[in-house]
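Visitor: Contents of upload.cif (mmCIF, C-alpha atoms) are below:
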```cif
data_upload
loop_
_atom_site.label_atom_id
_atom_site.label_comp_id
_atom_site.auth_asym_id
_atom_site.auth_seq_id
_atom_site.Cartn_x
_atom_site.Cartn_y
_atom_site.Cartn_z
CA MET I 1 43.96 57.05 -108.25
CA SER I 2 46.15 59.00 -105.90
CA ARG I 3 43.22 59.37 -103.47
CA SER I 4 42.76 55.57 -103.42
CA ILE I 5 46.43 55.03 -102.68
CA PHE I 6 46.28 57.59 -99.86
CA ILE I 7 43.25 55.90 -98.28
CA TYR I 8 44.94 52.49 -98.62
CA LEU I 9 48.11 53.73 -96.92
CA LEU I 10 46.12 55.40 -94.13
CA LYS I 11 44.23 52.19 -93.44
CA SER I 12 47.48 50.19 -93.42
CA ILE I 13 49.10 52.57 -90.95
CA CYS I 14 46.07 52.47 -88.64
CA ALA I 15 45.97 48.67 -88.81
CA GLY I 16 49.67 48.52 -87.98
CA ILE I 17 49.22 50.76 -84.95
CA VAL I 18 46.33 48.63 -83.70
CA VAL I 19 48.33 45.40 -84.12
CA ALA I 20 51.35 46.90 -82.38
CA ALA I 21 49.19 48.09 -79.49
CA ILE I 22 47.64 44.64 -79.10
CA LEU I 23 51.10 42.98 -79.08
CA VAL I 24 52.47 45.43 -76.52
CA LEU I 25 49.49 44.87 -74.22
CA ALA I 26 49.56 41.10 -74.64
CA ILE I 27 53.30 40.48 -74.22
CA PRO I 28 54.93 41.88 -71.03
CA GLY I 29 58.40 41.77 -72.57
CA LEU I 30 57.31 44.08 -75.36
CA ARG I 31 55.72 46.43 -72.83
CA GLN I 32 59.06 46.70 -71.04
CA GLN I 33 60.92 47.37 -74.29
CA ALA I 34 58.33 49.92 -75.32
CA ALA I 35 58.69 51.68 -71.96
CA GLN I 36 62.39 52.12 -72.67
CA LEU I 37 61.47 54.20 -75.70
CA LEU I 38 59.41 56.73 -73.76
CA PRO I 39 60.82 60.25 -73.65
CA GLN I 40 61.43 60.05 -69.88
CA ASN I 41 63.70 57.05 -70.40
CA ILE I 42 65.74 58.35 -73.30
CA TYR I 43 66.25 61.60 -71.42
CA LEU I 44 65.79 63.98 -74.32
CA ARG I 45 64.40 67.36 -73.39
CA GLN I 46 63.97 69.82 -76.24
CA GLY I 47 66.71 68.06 -78.15
CA VAL I 48 69.18 68.10 -75.22
CA VAL I 49 70.36 64.91 -73.53
CA SER I 50 69.45 65.17 -69.85
CA TYR I 51 69.70 63.02 -66.73
CA ALA I 52 67.09 65.11 -64.89
CA TYR I 53 64.55 62.27 -64.84
CA GLY I 54 66.82 59.95 -62.87
CA VAL I 55 68.14 62.73 -60.64
CA ASN I 56 64.63 63.91 -59.73
CA ARG I 57 63.69 60.36 -58.72
CA ALA I 58 66.76 59.69 -56.58
CA ALA I 59 68.09 62.98 -55.19
CA PRO I 60 65.42 63.57 -52.50
CA ALA I 61 66.41 60.26 -50.85
CA VAL I 62 70.09 61.23 -50.52
CA VAL I 63 70.74 62.95 -47.18
CA ASN I 64 73.56 64.96 -45.65
CA ILE I 65 75.20 63.44 -42.58
CA TYR I 66 77.06 65.39 -39.90
CA THR I 67 78.78 63.77 -36.93
CA GLN I 68 80.03 65.14 -33.64
CA SER I 69 82.30 63.65 -31.00
CA MET I 70 83.29 64.58 -27.47
CA GLN I 71 86.52 66.58 -27.62
CA GLN I 72 88.47 68.94 -25.40
CA ALA I 73 88.97 72.36 -26.96
CA GLN I 74 91.76 73.01 -24.47
CA LEU I 75 93.68 70.83 -22.03
CA ASP I 76 91.98 72.35 -19.00
CA SER I 77 88.47 72.52 -20.50
CA GLN I 78 85.57 70.09 -20.18
CA PRO I 79 84.93 67.79 -23.16
CA SER I 80 82.13 68.99 -25.41
CA LEU I 81 80.55 67.94 -28.67
CA GLN I 82 82.62 69.14 -31.62
CA PRO I 83 82.03 68.66 -35.37
CA GLN I 84 83.85 65.56 -36.59
CA ARG I 85 83.00 64.35 -40.07
CA LEU I 86 80.87 65.15 -43.09
CA GLY I 87 79.21 62.62 -45.37
CA SER I 88 76.10 61.51 -47.19
CA GLY I 89 73.57 58.72 -46.81
CA VAL I 90 70.80 56.98 -48.73
CA ILE I 91 67.26 56.39 -47.44
CA MET I 92 66.55 52.75 -48.27
CA ASN I 93 62.95 52.37 -47.07
CA ARG I 94 60.09 54.23 -45.42
CA GLY I 95 61.02 52.70 -42.07
CA GLY I 96 63.86 55.23 -41.90
CA TYR I 97 66.85 52.97 -42.56
CA ILE I 98 69.77 54.84 -44.08
CA LEU I 99 72.96 53.36 -45.54
CA THR I 100 76.18 55.35 -45.29
CA ASN I 101 79.90 54.66 -44.87
CA TYR I 102 81.41 53.31 -41.68
CA HIS I 103 84.24 55.83 -41.82
CA VAL I 104 81.70 58.68 -41.86
CA ILE I 105 80.24 57.75 -38.46
CA ALA I 106 83.18 55.95 -36.82
CA ARG I 107 83.74 57.08 -33.20
CA ALA I 108 80.88 59.59 -33.43
CA ASN I 109 78.91 60.48 -30.31
CA GLN I 110 76.13 62.18 -32.25
CA ILE I 111 74.90 61.59 -35.80
CA ILE I 112 72.74 64.25 -37.44
CA VAL I 113 70.85 63.72 -40.70
CA ALA I 114 69.70 66.61 -42.87
CA LEU I 115 67.01 65.79 -45.43
CA GLN I 116 66.71 67.68 -48.69
CA ASP I 117 63.31 69.06 -47.65
CA GLY I 118 64.94 70.92 -44.76
CA ARG I 119 64.19 68.52 -41.92
CA ILE I 120 67.04 67.81 -39.47
CA VAL I 121 66.86 64.73 -37.22
CA ASP I 122 69.12 62.68 -34.96
CA ALA I 123 70.02 59.21 -36.18
CA LYS I 124 70.52 55.96 -34.30
CA LEU I 125 73.38 53.65 -35.27
CA ILE I 126 72.02 50.15 -35.97
CA GLY I 127 75.26 48.45 -36.97
CA THR I 128 78.45 48.65 -39.00
CA ASP I 129 80.49 46.48 -41.35
CA VAL I 130 84.13 47.49 -41.56
CA LEU I 131 84.93 45.16 -44.47
CA THR I 132 82.56 46.91 -46.85
CA ASP I 133 82.86 50.28 -45.08
CA LEU I 134 79.10 50.38 -44.56
CA ALA I 135 77.01 51.57 -41.64
CA LEU I 136 73.26 51.42 -41.10
CA LEU I 137 71.41 54.27 -39.41
CA LYS I 138 67.76 54.75 -38.54
CA ILE I 139 65.75 57.93 -38.20
CA LYS I 140 62.19 58.63 -37.10
CA ALA I 141 60.34 60.80 -39.60
CA ASN I 142 57.18 60.68 -41.69
CA ASN I 143 56.76 60.74 -45.48
CA LEU I 144 60.35 59.82 -46.20
CA PRO I 145 61.54 59.72 -49.82
CA VAL I 146 63.04 56.35 -50.78
CA ILE I 147 65.75 55.72 -53.37
CA PRO I 148 64.41 53.74 -56.39
CA GLN I 149 65.69 50.15 -56.30
CA ASP I 150 65.72 47.21 -58.72
CA ASN I 151 66.67 43.85 -57.19
CA ASN I 152 67.51 42.55 -60.68
CA ILE I 153 69.92 45.37 -61.46
CA ASP I 154 73.08 44.23 -63.24
CA PRO I 155 75.41 47.18 -63.87
CA GLN I 156 77.92 46.78 -66.68
CA VAL I 157 81.24 48.39 -67.48
CA GLY I 158 80.47 51.42 -69.64
CA ASP I 159 77.10 52.19 -68.05
CA VAL I 160 76.51 55.88 -67.36
CA VAL I 161 76.26 56.56 -63.61
CA LEU I 162 75.62 59.62 -61.46
CA ALA I 163 77.09 60.26 -58.01
CA ILE I 164 74.88 62.20 -55.59
CA GLY I 165 76.30 63.68 -52.39
CA ASN I 166 77.33 66.75 -50.46
CA PRO I 167 80.98 67.41 -51.39
CA PHE I 168 82.78 69.81 -49.05
CA ASN I 169 79.35 70.72 -47.60
CA VAL I 170 78.55 72.97 -50.56
CA GLY I 171 75.12 71.36 -50.87
CA GLN I 172 73.78 68.41 -52.82
CA THR I 173 75.70 67.94 -56.04
CA ILE I 174 75.40 65.57 -59.01
CA THR I 175 78.46 64.33 -60.92
CA GLN I 176 78.45 62.07 -63.95
CA GLY I 177 80.70 59.30 -65.22
CA ILE I 178 80.70 55.66 -66.24
CA ILE I 179 81.38 52.36 -64.53
CA SER I 180 85.07 51.85 -65.28
CA ALA I 181 85.46 48.35 -63.83
CA LYS I 182 83.67 45.75 -61.73
CA GLY I 183 84.74 43.23 -59.12
CA ARG I 184 87.58 45.25 -57.64
CA SER I 185 88.90 43.23 -54.69
CA ASP I 186 92.23 42.47 -53.08
CA LEU I 187 93.19 38.80 -53.46
CA SER I 188 94.85 38.89 -50.05
CA SER I 189 91.44 39.55 -48.52
CA LEU I 190 90.95 35.78 -48.76
CA GLY I 191 93.26 35.62 -45.74
CA ALA I 192 93.61 37.49 -42.48
CA ASP I 193 96.25 39.99 -43.48
CA SER I 194 94.10 42.46 -45.35
CA ASN I 195 90.80 44.24 -45.00
CA GLY I 196 90.53 44.61 -48.77
CA ARG I 197 87.25 45.59 -50.35
CA GLN I 198 84.90 43.00 -51.71
CA ASP I 199 83.64 43.23 -55.26
CA PHE I 200 83.62 47.03 -55.52
CA LEU I 201 82.52 49.01 -58.55
CA GLN I 202 85.04 51.47 -59.97
CA THR I 203 83.81 54.70 -61.52
CA ASP I 204 85.23 57.94 -62.88
CA ALA I 205 82.38 60.05 -61.48
CA ALA I 206 83.85 62.79 -59.28
CA VAL I 207 83.67 61.77 -55.61
CA ASN I 208 85.06 64.13 -52.97
CA GLU I 209 84.97 64.56 -49.21
CA GLY I 210 81.31 64.67 -48.24
CA ASN I 211 80.25 62.30 -51.05
CA SER I 212 81.09 59.26 -48.91
CA GLY I 213 77.96 57.24 -48.24
CA GLY I 214 76.04 58.92 -51.05
CA ALA I 215 74.23 57.27 -53.94
CA LEU I 216 75.64 56.04 -57.21
CA ILE I 217 72.63 55.76 -59.55
CA ASN I 218 71.91 54.88 -63.15
CA THR I 219 70.10 57.21 -65.54
CA ARG I 220 66.74 55.81 -64.42
CA GLY I 221 67.50 56.97 -60.88
CA GLU I 222 67.94 53.42 -59.54
CA LEU I 223 70.57 52.75 -56.89
CA VAL I 224 73.67 51.14 -58.37
CA GLY I 225 75.95 51.45 -55.33
CA ILE I 226 77.02 53.37 -52.24
CA SER I 227 79.96 55.71 -52.93
CA THR I 228 82.72 54.88 -50.50
CA ALA I 229 86.23 55.96 -51.42
CA THR I 230 88.62 57.58 -53.85
CA TYR I 231 91.98 56.13 -54.79
CA HIS I 232 95.14 57.71 -53.43
CA THR I 233 98.63 57.03 -54.74
CA THR I 234 101.59 56.16 -52.52
CA ARG I 235 102.46 59.86 -52.53
CA ASN I 236 99.08 60.58 -50.96
CA GLN I 237 97.89 62.29 -54.12
CA GLU I 238 94.38 61.69 -55.34
CA GLY I 239 93.96 59.44 -58.36
CA TYR I 240 91.54 61.57 -60.33
CA GLY I 241 88.86 59.58 -62.07
CA ILE I 242 89.22 56.53 -59.81
CA SER I 243 86.49 56.13 -57.21
CA PHE I 244 84.79 53.11 -55.69
CA ALA I 245 81.28 52.14 -54.67
CA VAL I 246 79.74 49.18 -52.84
CA PRO I 247 77.43 47.43 -55.35
CA TYR I 248 73.73 47.70 -54.54
CA LYS I 249 73.16 43.96 -54.05
CA LEU I 250 76.08 43.66 -51.63
CA ALA I 251 74.96 46.78 -49.74
CA LEU I 252 71.40 45.43 -49.52
CA ASP I 253 72.64 42.11 -48.12
CA VAL I 254 74.75 43.94 -45.52
CA MET I 255 71.74 46.05 -44.54
CA LYS I 256 69.49 43.01 -44.10
CA GLN I 257 72.05 41.25 -41.90
CA LEU I 258 72.64 44.35 -39.78
CA ILE I 259 68.88 44.63 -39.21
CA GLU I 260 68.50 40.93 -38.37
CA HIS I 261 71.73 40.19 -36.49
CA GLY I 262 73.31 43.55 -35.67
CA ARG I 263 76.39 42.38 -37.56
CA VAL I 264 77.32 40.71 -40.85
CA ILE I 265 77.92 36.98 -40.50
CA ARG I 266 80.49 35.67 -42.97
CA GLY I 267 82.24 32.38 -43.40
CA TYR I 268 86.02 32.20 -42.94
CA LEU I 269 88.52 29.94 -44.71
CA GLY I 270 91.91 31.47 -43.89
CA VAL I 271 93.92 31.31 -47.09
CA GLY I 272 95.54 33.71 -49.50
CA ALA I 273 95.51 32.86 -53.19
CA ILE I 274 96.71 34.18 -56.53
CA LYS I 275 95.70 33.67 -60.11
CA PRO I 276 98.41 31.56 -61.79
CA SER I 277 100.38 33.10 -64.64
CA ALA I 278 100.21 31.51 -68.08
CA ILE I 279 103.56 29.78 -67.48
CA MET I 280 102.51 28.54 -64.04
CA ALA I 281 99.19 27.30 -65.42
CA ARG I 282 101.03 25.31 -68.08
CA LEU I 283 103.42 23.81 -65.54
CA LEU I 284 100.50 22.82 -63.33
CA ASN I 285 98.43 21.52 -66.28
CA LEU I 286 95.63 23.99 -65.57
CA GLY I 287 93.11 25.14 -68.13
CA ASP I 288 92.44 28.78 -68.93
CA ASN I 289 90.84 30.75 -66.08
CA GLN I 290 90.85 27.67 -63.88
CA GLY I 291 91.92 27.56 -60.28
CA LEU I 292 93.80 29.69 -57.78
CA VAL I 293 97.20 28.89 -56.30
CA ILE I 294 97.29 28.96 -52.48
CA ASN I 295 100.17 31.20 -51.42
CA HIS I 296 99.30 31.81 -47.76
CA ILE I 297 97.62 29.87 -44.97
CA VAL I 298 96.65 31.36 -41.63
CA ALA I 299 97.76 29.27 -38.67
CA ASN I 300 94.91 27.41 -36.93
CA SER I 301 92.44 28.57 -39.57
CA PRO I 302 89.84 26.18 -41.03
CA ALA I 303 92.06 25.65 -44.09
CA ASP I 304 95.10 24.91 -41.91
CA LYS I 305 93.18 22.43 -39.74
CA ALA I 306 91.83 20.69 -42.86
CA GLY I 307 95.36 20.12 -44.21
CA ILE I 308 95.40 22.63 -47.06
CA LYS I 309 99.01 23.42 -48.04
CA ILE I 310 100.82 26.25 -49.78
CA ASN I 311 101.06 25.68 -53.57
CA ASP I 312 97.87 23.62 -53.57
CA VAL I 313 95.69 24.69 -56.48
CA LEU I 314 92.07 25.36 -55.56
CA LEU I 315 90.01 24.05 -58.48
CA ALA I 316 86.43 23.88 -57.20
CA ILE I 317 84.18 24.46 -54.20
CA ASN I 318 81.27 22.03 -53.80
CA ASN I 319 82.02 20.77 -57.33
CA GLN I 320 81.65 24.25 -58.86
CA PRO I 321 84.81 25.23 -60.80
CA ILE I 322 86.71 28.27 -59.52
CA GLN I 323 87.57 30.97 -62.04
CA SER I 324 88.16 34.08 -59.92
CA ALA I 325 89.07 35.23 -56.44
CA SER I 326 85.79 37.13 -56.09
CA GLN I 327 83.95 33.86 -56.74
CA VAL I 328 85.81 32.25 -53.82
CA LEU I 329 85.13 35.28 -51.62
CA ASP I 330 81.42 35.07 -52.34
CA LYS I 331 81.17 31.33 -51.71
CA VAL I 332 83.17 31.38 -48.48
CA ALA I 333 81.47 34.51 -47.15
CA ALA I 334 78.02 33.04 -47.87
CA ALA I 335 78.82 29.77 -46.06
CA LYS I 336 77.26 29.52 -42.61
CA PRO I 337 79.69 29.03 -39.73
CA GLY I 338 79.80 25.33 -38.90
CA SER I 339 78.95 24.26 -42.45
CA ILE I 340 81.32 22.11 -44.50
CA LEU I 341 82.68 23.16 -47.88
CA SER I 342 84.13 20.51 -50.15
CA LEU I 343 87.32 21.89 -51.72
CA THR I 344 88.68 20.22 -54.85
CA ILE I 345 92.43 20.83 -55.03
CA SER I 346 95.38 19.75 -57.11
CA ARG I 347 98.53 18.86 -55.16
CA GLN I 348 101.61 18.01 -57.18
CA GLY I 349 99.41 17.06 -60.10
CA LYS I 350 97.03 14.86 -58.09
CA LYS I 351 93.41 15.85 -57.58
CA MET I 352 91.82 15.37 -54.19
CA THR I 353 88.78 16.54 -52.25
CA VAL I 354 89.23 18.12 -48.82
CA PRO I 355 86.26 18.88 -46.52
CA VAL I 356 86.69 22.12 -44.57
CA THR I 357 84.53 23.20 -41.62
CA ILE I 358 83.92 26.94 -42.00
CA THR I 359 84.05 29.28 -39.00
CA GLU I 360 82.71 32.80 -38.59
CA ASP I 361 84.91 35.61 -39.84
CA THR I 362 85.27 37.99 -36.89
CA ARG I 363 88.30 39.93 -38.15
CA TYR I 364 86.42 43.03 -39.24
CA GLN I 365 83.70 43.26 -36.64
CA SER I 366 83.57 46.54 -34.78
CA ASN I 367 81.66 47.85 -31.83
CA ASN I 368 78.09 48.11 -33.08
CA ASN I 369 76.61 49.79 -30.04
CA ALA I 370 74.01 52.32 -31.03
CA SER I 371 74.90 55.97 -30.74
#
```
I need this file expressed as structure tokens, please.
Guide:
Amino acid sequence: MSRSIFIYLLKSICAGIVVAAILVLAIPGLRQQAAQLLPQNIYLRQGVVSYAYGVNRAAPAVVNIYTQSMQQAQLDSQPSLQPQRLGSGVIMNRGGYILTNYHVIARANQIIVALQDGRIVDAKLIGTDVLTDLALLKIKANNLPVIPQDNNIDPQVGDVVLAIGNPFNVGQTITQGIISAKGRSDLSSLGADSNGRQDFLQTDAAVNEGNSGGALINTRGELVGISTATYHTTRNQEGYGISFAVPYKLALDVMKQLIEHGRVIRGYLGVGAIKPSAIMARLLNLGDNQGLVINHIVANSPADKAGIKINDVLLAINNQPIQSASQVLDKVAAAKPGSILSLTISRQGKKMTVPVTITEDTRYQSNNNAS
């Protein structure tokens, strides 16, 4: 009797395995979920949680960057190349394009890239974008490692991330943390008075001098962002655990535009705006998370010429309701110069639609001549 039960159970288990295998092969979604259960994706090695899988995929594509500039060692001496800055960079494709930070290569006369396999090559500056603190370099070399990328990546607050770079030139180092916040941007960057960051990720992974321009990756080794800055208080003390990175999708868009145009082309509106307080929203009869109050208008800007006024409430752009400043930044920046955006505003309780002809935002363009 017991032997019959054993045989029955064995047959049932085998049948279940066969059915599961058929389903996994037949349905792509199940294949993807099953892949997430593989040992390499749960990062368990001999019972120890490890991020080695992701690090091994990404680290070879993170390079060290050294810059030199012409300086005089003494007042009566001839200018010569002197070390200037230290940073990191990320190889984005086999064509040799490398993303790094603008502040790493700013005013450099020579840019040197050191690969993790020991190769050292000169880099050419393709273009820069001051607003996102990004720069695009290009090197000539064969068999380049490329950082893993997922165009559908959608990082979330709480995701584990790893920062790869060369802090203080001690050699490539990996630090670990989580995404602490998303969409960090200065509302005043809607106007002309600030060069605030756009839609940055905030992380508590340790980022130090030399990490700038390095990779922020997830545990699969996929690029999440380009490390760019650490927070400093008004007393010029570092805010430990507060670092920023340019999100991958934004960095990729900047790279594509620098390759195609040599600069990033953004639309310009010329307003500053704030999120209304609960009391202000009630006074203005605004719904929750609806609209931004215009608190600054740049003279002769597209918004000024269109008749937008201070205290107007921006409710929608092209009939799409506005719920955040970053949403406005994205829509305006994506608008082609010369195109018309239809702004729905509320002025003293009356709704109206105002067409605005967008111009190119040239406030943050720098000299993009190749080094």
Visitor: Quick one: of I:Val48, I:Ile294, I:Ile91, I:Leu134, who's nearest to Val63 in chain I, counting all atoms listed in the file?
Guide: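 The closest residue to Val63 in chain I is I:Ile91.
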Visitor: Kindly indicate which residue among I:Val170, I:Leu144, I:Ala59, I:Ala251 lies nearest to Thr128 in chain I, using all atoms listed in the file for the distances.
Guide: I:Ala251
Visitor: Just give me the gap between CA of Gln176 in chain I and CA of Leu201 in chain I in Å, one decimal is fine.
Guide: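 Taking CA of Gln176 in chain I as the start and CA of Leu201 in chain I as the end point, the length is 14.7 Å.
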Visitor: Which of these, I:Ala303, I:Ile322, I:Leu315, I:Val160, has the shortest distance to Ile340 in chain I once you count all atoms listed in the file?
Guide: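 Of I:Ala303, I:Ile322, I:Leu315, I:Val160, the one nearest Ile340 in chain I, counting all atoms listed in the file, is I:Ala303.
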Visitor: Smallest atom-to-atom distance to Lys124 in chain I: which of I:Gln202, I:Asn109, I:Asn93, I:Asn151, using all atoms listed in the file?
Guide: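 Using all atoms listed in the file, Lys124 in chain I sits closest to I:Asn109.
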Visitor: Report as a ChimeraX atom specification the residues that result from applying the PyMOL selection byres ((chain I and resi 326) around 8) to the structure here.
Guide: /I:183,185,198-199,324-325,327-330
Visitor: Could the residues in this selection be written to a file with C-alpha atoms, as a compact mmCIF listing (two decimals), keeping the file's coordinate frame?
Guide:
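New file selection19.txt:
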```
# COMPACT_ATOMS: atom_id res chain seq x y z
CA GLY I 183 84.74 43.23 -59.12
CA SER I 185 88.90 43.23 -54.69
CA GLN I 198 84.90 43.00 -51.71
CA ASP I 199 83.64 43.23 -55.26
CA SER I 324 88.16 34.08 -59.92
CA ALA I 325 89.07 35.23 -56.44
CA GLN I 327 83.95 33.86 -56.74
CA VAL I 328 85.81 32.25 -53.82
CA LEU I 329 85.13 35.28 -51.62
CA ASP I 330 81.42 35.07 -52.34
```
Visitor: Please report the interatomic distance between CA of Phe200 in chain I and CA of Thr132 in chain I in Å with one decimal.
Guide: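 Straight-line distance from CA of Phe200 in chain I to CA of Thr132 in chain I works out to 8.7 Å.
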Visitor: To verify the selection step, state as a ChimeraX atom specification which residues the PyMOL selection byres ((chain I and resi 133) around 9) yields on this input.
Guide: /I:100-103,128-132,134-135,197,228,246
Visitor: Could you list the residues chosen by the PyMOL selection byres ((chain I and resi 85) around 10) in this structure as a VMD selection string?
Guide: chain I and resid 65 to 69 82 to 84 86 to 87 103 to 106 108 111 209 to 210
Visitor: Using all atoms listed in the file, which residue out of I:Thr173, I:Gln257, I:Asn208, I:Thr353 lies closest to Ala334 in chain I?
Guide: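 Using all atoms listed in the file, Ala334 in chain I sits closest to I:Gln257.
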Visitor: Counting only C-alpha atoms, which of I:Ile120, I:Leu125, I:Ala245, I:Ala141 gets nearest to Ala181 in chain I?
Guide: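 Ranking I:Ile120, I:Leu125, I:Ala245, I:Ala141 by distance to Ala181 in chain I, first place goes to I:Ala245.
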Visitor: If you measure from CA of Leu250 in chain I to CA of Lys331 in chain I, what distance in Å do you get, rounded to one decimal?
Guide: 13.3 Å
Visitor: Return as JSON the box centre and box size in Å, one decimal, for an axis-aligned box around all listed atoms of range 256-269 of chain I padded by 5 Å per side.
Guide:
```
{"center_x": 78.5, "center_y": 37.3, "center_z": -40.2, "size_x": 30.0, "size_y": 24.7, "size_z": 19.0}
```
Visitor: Counting all atoms listed in the file, what is within 6 Å of Ile164 in chain I, bar same-chain residues fewer than 2 positions away, as an mmCIF file with C-alpha atoms, in the coordinates of the input?
Guide:
```cif
data_model
loop_
_atom_site.group_PDB
_atom_site.id
_atom_site.type_symbol
_atom_site.label_atom_id
_atom_site.label_comp_id
_atom_site.auth_asym_id
_atom_site.auth_seq_id
_atom_site.Cartn_x
_atom_site.Cartn_y
_atom_site.Cartn_z
ATOM 1 C CA THR I 173 75.700 67.940 -56.040
ATOM 2 C CA ILE I 174 75.400 65.570 -59.010
ATOM 3 C CA GLY I 214 76.040 58.920 -51.050
ATOM 4 C CA ALA I 215 74.230 57.270 -53.940
#
```
Visitor: Can you pull out the residues contacting Asn318 in chain I? Cut-off 8 Å, using only C-alpha atoms, and skip same-chain residues under 4 positions away; I want them as a list in words.
Guide: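 Once the nearby chain positions are removed, what remains is Leu341, Ser342, Leu343 and Thr344 of chain I.
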